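The structure under discussion appears below in the form of structure tokens.
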Amino acid sequence: MINSYQQFLKCHSLGNDFILFDWSNLAYQKTEDVIKHPDWPRKIKEICRRNYSIGADGVLIIRKINEGPLEILLFNQDGSRAEKCLNGLRCVTYYLAEQKKHKGTMLLSMGQEIHPCKVDTDGSEIIIKNSHYKKPLEITLRDKKFLGHVVEIGNPHFVIFDTVELEWLRENGNFFEQHSAFPNRTNVEFVIRHEIDETTPTTFEVLIYERGCGITLASGSGAAAVAKVLSQLGLIEIGQEFIIKMPGGSIKTTISINQEIIQKAKATIVFSGNLNQTVIPAHAGIQTLA
């Protein structure tokens with residue numbers, strides 16, 4: 001269990017990995033002082049830098065606001081703040097259930113939405129109540145036209161059905177992420193193939209290019225965005241279980257009659273540790289958290 005601001009957990013869901021800080025026992029204003037300090041984005045980049053520090057796709061923070069649900073914050077690898085990260089939420093759910101012994105369904109706040117979450121033998125289940133299909137959009141890259149779909153899952157997504165290789169996406173993903181059609185940038189998902197087998201759930205294979213991170217092994221909100229488009233296009237039925245398969249693993253997904261997206265996948269705590277004071281030095285706000 002984490003007891004101070006310097007203690008952290010390293011966790012992942014489907015290879016989408018995070019540094020987790022539990023600041024739920026700290027005063028809200030003190031946590032605000034830390035995350036709004038001008039040096040904070042640089043510190044995020046430092047501790048997320050692979051091979052030189054802990055290394056991660058992002059940083060998760062759990063904090064308490066009054067008597068409401070716990071609030072979960074995410075900061076991307078580049079130091080920017082993200083509205084939503086469902087794999088991160090899955091990791092938090094697992095941590096709260098396994099180490100803080102929360103039982104049954106918990107309500108967790110992320111990106112201005114309250115998510116019902118729980119852990120069972122099949123993994124961490126998350127329900128996404130608010131998802132919005134916006135519009136189809138065609139973007140041209142080097143004379144090739146890509147027809148994609150703009151989706152909002154509390155954060156922006158652009159879902160494209162096309163067969164590309166991972167290295168191609170690594171080189172070209174930022175073109176879509178930073179396209180002028182997306183003034184706040186966007187997450188990008190390529191649905192590269194799908195498999196239909198009468199004996200197993202239909203599987204859709206997806207590659208991910210995350211805003212603020214680049215290529216990642218998986219994305220929970222990306223998988224939810226793909227699910228929303230599949231439903232919009234009539235490629236899956238209400239109540240049908242299907243699989244979103246990403247390089248890091250698979251998410252079991254169902255869409256309810258109320259258009260809630262229900263996801264289930266595993267999360268794991270890898271190790272715990274303490275930050276050296278030189279990594280996050282005692283500056284305004286932080287020294288009050290010790």
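Going through the structure tokens in order, the chains are called A, B, and so on, while each chain numbers its residues from 1 and the ligands are numbered from 1 in the order shown.
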
> So which residues touch segment 48-55 of chain A within 12 Å, counting only C-alpha atoms, skipping near sequence neighbours fewer than 3 positions away, as a ChimeraX atom specification?
Replying inline: /A:8-12,16-20,41-45,58-60,75-79,212-213,270-276,279

N, CA and C atoms of the current selection, written as a compact mmCIF listing (two decimals), in the first residue's frame:
```txt
# COMPACT_ATOMS: atom_id res chain seq x y z
N PHE A 8 5.41 4.83 -4.92
CA PHE A 8 4.70 4.58 -6.17
C PHE A 8 4.57 3.08 -6.40
N LEU A 9 3.67 2.74 -7.31
CA LEU A 9 3.56 1.39 -7.85
C LEU A 9 3.79 1.45 -9.34
N LYS A 10 4.45 0.44 -9.88
CA LYS A 10 4.53 0.28 -11.34
C LYS A 10 3.50 -0.79 -11.70
N CYS A 11 2.61 -0.46 -12.63
CA CYS A 11 1.52 -1.36 -12.98
C CYS A 11 1.28 -1.31 -14.48
N HIS A 12 0.56 -2.30 -14.98
CA HIS A 12 0.20 -2.27 -16.40
C HIS A 12 -1.09 -3.04 -16.63
N ASN A 16 0.23 -1.67 -21.41
CA ASN A 16 0.08 -0.21 -21.30
C ASN A 16 0.46 0.12 -19.85
N ASP A 17 1.67 0.67 -19.63
CA ASP A 17 2.21 0.71 -18.27
C ASP A 17 2.22 2.11 -17.67
N PHE A 18 2.12 2.13 -16.33
CA PHE A 18 1.93 3.39 -15.61
C PHE A 18 2.71 3.39 -14.30
N ILE A 19 3.04 4.60 -13.86
CA ILE A 19 3.55 4.85 -12.52
C ILE A 19 2.37 5.39 -11.72
N LEU A 20 2.01 4.70 -10.65
CA LEU A 20 0.80 5.04 -9.89
C LEU A 20 1.15 5.63 -8.53
N PRO A 41 5.39 19.11 -15.44
CA PRO A 41 5.48 18.36 -16.70
C PRO A 41 6.88 17.80 -16.97
N ARG A 42 7.91 18.56 -16.63
CA ARG A 42 9.27 18.08 -16.85
C ARG A 42 9.57 16.87 -15.96
N LYS A 43 9.06 16.90 -14.73
CA LYS A 43 9.26 15.77 -13.83
C LYS A 43 8.55 14.51 -14.33
N ILE A 44 7.36 14.71 -14.89
CA ILE A 44 6.64 13.57 -15.48
C ILE A 44 7.48 12.95 -16.59
N LYS A 45 8.01 13.79 -17.47
CA LYS A 45 8.84 13.27 -18.56
C LYS A 45 10.06 12.53 -18.03
N GLY A 58 2.71 6.61 -18.87
CA GLY A 58 2.11 7.76 -18.21
C GLY A 58 2.12 7.61 -16.70
N VAL A 59 1.62 8.64 -16.02
CA VAL A 59 1.57 8.68 -14.56
C VAL A 59 0.12 8.80 -14.12
N LEU A 60 -0.29 7.94 -13.19
CA LEU A 60 -1.63 7.96 -12.61
C LEU A 60 -1.56 8.51 -11.19
N PHE A 75 -1.32 11.71 -16.50
CA PHE A 75 -0.40 12.56 -17.24
C PHE A 75 0.35 11.70 -18.24
N ASN A 76 0.36 12.12 -19.51
CA ASN A 76 1.03 11.37 -20.56
C ASN A 76 2.54 11.40 -20.39
N GLN A 77 3.18 10.53 -21.13
CA GLN A 77 4.64 10.43 -21.13
C GLN A 77 5.32 11.76 -21.47
N ASP A 78 4.67 12.59 -22.28
CA ASP A 78 5.26 13.87 -22.68
C ASP A 78 4.96 14.99 -21.68
N GLY A 79 4.32 14.66 -20.56
CA GLY A 79 4.02 15.64 -19.53
C GLY A 79 2.65 16.28 -19.63
N GLY A 212 0.31 12.03 -27.24
CA GLY A 212 1.23 12.29 -26.14
C GLY A 212 2.15 11.14 -25.79
N CYS A 213 1.98 9.98 -26.46
CA CYS A 213 2.82 8.81 -26.16
C CYS A 213 3.42 8.18 -27.40
N VAL A 270 3.40 -4.59 -10.88
CA VAL A 270 4.70 -5.20 -11.18
C VAL A 270 5.67 -5.04 -10.01
N PHE A 271 5.79 -3.82 -9.50
CA PHE A 271 6.67 -3.59 -8.35
C PHE A 271 6.29 -2.26 -7.71
N SER A 272 6.86 -2.02 -6.52
CA SER A 272 6.66 -0.76 -5.83
C SER A 272 8.01 -0.15 -5.50
N GLY A 273 8.02 1.15 -5.18
CA GLY A 273 9.28 1.80 -4.87
C GLY A 273 9.07 3.17 -4.27
N ASN A 274 10.18 3.85 -4.01
CA ASN A 274 10.16 5.20 -3.48
C ASN A 274 11.00 6.10 -4.39
N LEU A 275 10.47 7.24 -4.74
CA LEU A 275 11.21 8.20 -5.54
C LEU A 275 12.31 8.83 -4.70
N ASN A 276 13.48 9.00 -5.33
CA ASN A 276 14.54 9.77 -4.70
C ASN A 276 14.12 11.23 -4.64
N VAL A 279 14.58 13.31 -7.65
CA VAL A 279 13.71 13.14 -8.82
C VAL A 279 12.57 14.14 -8.77
```

>> For the structure I just gave you, how does DSSP split segment 119-213 of chain A - specifically, which residues are strand (DSSP E or B)? Reply as a ChimeraX atom specification.
In response: /A:119-120,123-128,132-141,144-152,156-161,187-197,200-210

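For segment 110-260 of chain A, a DSSP pass over the backbone yields alpha helix (DSSP H) at Leu166, Glu167, Trp168, Leu169, Arg170, Glu171, Asn172, Gly173, Asn174, Phe175, Phe176, Glu177, Gly220, Ser221, Gly222, Ala223, Ala224, Ala225, Val226, Ala227, Lys228, Val229, Leu230, Ser231 and Gln232 of chain A.
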
Given the selection you just returned, output its residues as a file containing C-alpha atoms, formatted as a PDB file, in the first residue's frame.
```pdb
ATOM      1  CA  LEU A 166       3.332  -1.247 -36.925  1.00  0.00           C
ATOM      2  CA  GLU A 167       6.512   0.426 -38.210  1.00  0.00           C
ATOM      3  CA  TRP A 168       4.480   2.409 -40.745  1.00  0.00           C
ATOM      4  CA  LEU A 169       2.249   3.653 -37.934  1.00  0.00           C
ATOM      5  CA  ARG A 170       5.289   4.485 -35.808  1.00  0.00           C
ATOM      6  CA  GLU A 171       6.582   6.714 -38.617  1.00  0.00           C
ATOM      7  CA  ASN A 172       3.260   8.237 -39.688  1.00  0.00           C
ATOM      8  CA  GLY A 173       1.024   8.212 -36.620  1.00  0.00           C
ATOM      9  CA  ASN A 174       1.907  11.760 -35.588  1.00  0.00           C
ATOM     10  CA  PHE A 175       0.602  13.007 -38.959  1.00  0.00           C
ATOM     11  CA  PHE A 176      -2.898  11.944 -37.917  1.00  0.00           C
ATOM     12  CA  GLU A 177      -2.421  12.839 -34.233  1.00  0.00           C
ATOM     13  CA  GLY A 220      -8.593   1.007 -23.222  1.00  0.00           C
ATOM     14  CA  SER A 221     -10.189   4.198 -24.518  1.00  0.00           C
ATOM     15  CA  GLY A 222      -8.906   3.336 -28.007  1.00  0.00           C
ATOM     16  CA  ALA A 223     -10.615  -0.051 -27.760  1.00  0.00           C
ATOM     17  CA  ALA A 224     -13.797   1.700 -26.586  1.00  0.00           C
ATOM     18  CA  ALA A 225     -13.616   4.084 -29.554  1.00  0.00           C
ATOM     19  CA  VAL A 226     -13.285   1.141 -31.933  1.00  0.00           C
ATOM     20  CA  ALA A 227     -16.280  -0.519 -30.247  1.00  0.00           C
ATOM     21  CA  LYS A 228     -18.348   2.640 -30.710  1.00  0.00           C
ATOM     22  CA  VAL A 229     -17.563   2.747 -34.428  1.00  0.00           C
ATOM     23  CA  LEU A 230     -18.284  -0.974 -34.845  1.00  0.00           C
ATOM     24  CA  SER A 231     -21.700  -0.407 -33.274  1.00  0.00           C
ATOM     25  CA  GLN A 232     -22.343   2.698 -35.392  1.00  0.00           C
TER      26      GLN A 232
END
```

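Counting only C-alpha atoms and comparing A:Gln7, A:Thr202, A:Ser80, A:Asn130, the residue that lies closest to Ile261 of chain A is A:Asn130.
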
>> Can you pull out the residues contacting segment 123-128 of chain A? Cut-off 6 Å, using only C-alpha atoms, and skip same-chain residues under 6 positions away; I want them as a list of chain:residue names.
In response: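 What passes the distance filter is A:Arg90, A:His115, A:Pro116, A:Cys117, A:Glu260, A:Ile261, A:Ile262, A:Gln263, A:Lys264, A:Ala265, A:Lys266.
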
Keeping only N, CA and C atoms, write those residues as a short mmCIF file (atom, residue, chain, number, x, y, z; two decimals), in the first residue's frame.
```cif
data_model
loop_
_atom_site.label_atom_id
_atom_site.label_comp_id
_atom_site.auth_asym_id
_atom_site.auth_seq_id
_atom_site.Cartn_x
_atom_site.Cartn_y
_atom_site.Cartn_z
N ARG A 90 -8.23 0.73 -15.16
CA ARG A 90 -8.24 -0.71 -14.83
C ARG A 90 -7.15 -1.03 -13.80
N HIS A 115 -17.17 6.25 -13.41
CA HIS A 115 -17.15 4.90 -13.99
C HIS A 115 -17.40 3.84 -12.92
N PRO A 116 -18.41 2.99 -13.09
CA PRO A 116 -18.53 1.81 -12.23
C PRO A 116 -17.43 0.81 -12.61
N CYS A 117 -16.66 0.35 -11.62
CA CYS A 117 -15.54 -0.55 -11.86
C CYS A 117 -15.55 -1.66 -10.82
N GLU A 260 -23.98 1.56 -23.33
CA GLU A 260 -22.83 1.50 -22.43
C GLU A 260 -21.82 0.50 -22.99
N ILE A 261 -20.55 0.87 -22.94
CA ILE A 261 -19.49 -0.02 -23.39
C ILE A 261 -18.90 -0.70 -22.16
N ILE A 262 -18.95 -2.02 -22.14
CA ILE A 262 -18.47 -2.80 -20.99
C ILE A 262 -17.20 -3.53 -21.40
N GLN A 263 -16.12 -3.23 -20.70
CA GLN A 263 -14.81 -3.81 -21.01
C GLN A 263 -14.33 -4.67 -19.85
N LYS A 264 -13.62 -5.75 -20.21
CA LYS A 264 -13.00 -6.58 -19.18
C LYS A 264 -11.63 -7.03 -19.66
N ALA A 265 -10.61 -6.80 -18.82
CA ALA A 265 -9.24 -7.21 -19.13
C ALA A 265 -8.44 -7.27 -17.84
N LYS A 266 -7.28 -7.88 -17.91
CA LYS A 266 -6.43 -8.05 -16.74
C LYS A 266 -5.58 -6.80 -16.49
#
```

>> What does the structure give for the distance between atom CA of Leu96 of chain A and atom CA of Ala27 of chain A, in Å to one decimal?
In response: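 Computing it gives 19.2 Å between the two atoms.
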
> For Asp22 of chain A, which of A:Arg81, A:Lys100, A:His132, A:His37 is the closest residue, counting only C-alpha atoms?
Replying inline: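 Closest to Asp22 of chain A, using only C-alpha atoms: A:Lys100.
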
>> Can you measure atom CA of Leu89 of chain A to atom CA of Thr163 of chain A for me? One decimal in Å is fine.
In response: 29.3 Å

> In terms of the shortest atom-to-atom distance over only C-alpha atoms, which of A:Met110, A:Cys91, A:Met246, A:Ile65 is closest to Ile269 of chain A?
Replying inline: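 Going through A:Met110, A:Cys91, A:Met246, A:Ile65 one by one, the smallest distance to Ile269 of chain A is for A:Cys91.
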
> If you count only C-alpha atoms, which residues fall within 9 Å of Gly148 of chain A, apart from same-chain ones fewer than 3 positions away, as a VMD selection string?
Replying inline: chain A and resid 135 to 139 158 to 161 190

> With distances taken over only C-alpha atoms, which of A:Glu195, A:Asp120, A:Glu71, A:Asp57 is nearest to Trp23 of chain A?
Replying inline: A:Glu71

> In Å, with one decimal, what is the gap from atom CA of Ala56 of chain A to atom CA of Lys103 of chain A?
Replying inline: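 Straight-line distance from atom CA of Ala56 of chain A to atom CA of Lys103 of chain A works out to 28.1 Å.
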
> Out of A:Ile236, A:Leu26, A:Leu14, A:Leu74, which residue has the shortest atom-to-atom distance to Ile251 of chain A when counting only C-alpha atoms?
Replying inline: A:Leu14

>> Let me make sure I understand: among A:Thr200, A:Ser24, A:Thr268, A:Ser219, which one has the smallest atom-to-atom distance to Gln240 of chain A if we use only C-alpha atoms?
In response: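 That would be A:Thr200, the residue with the smallest distance to Gln240 of chain A.
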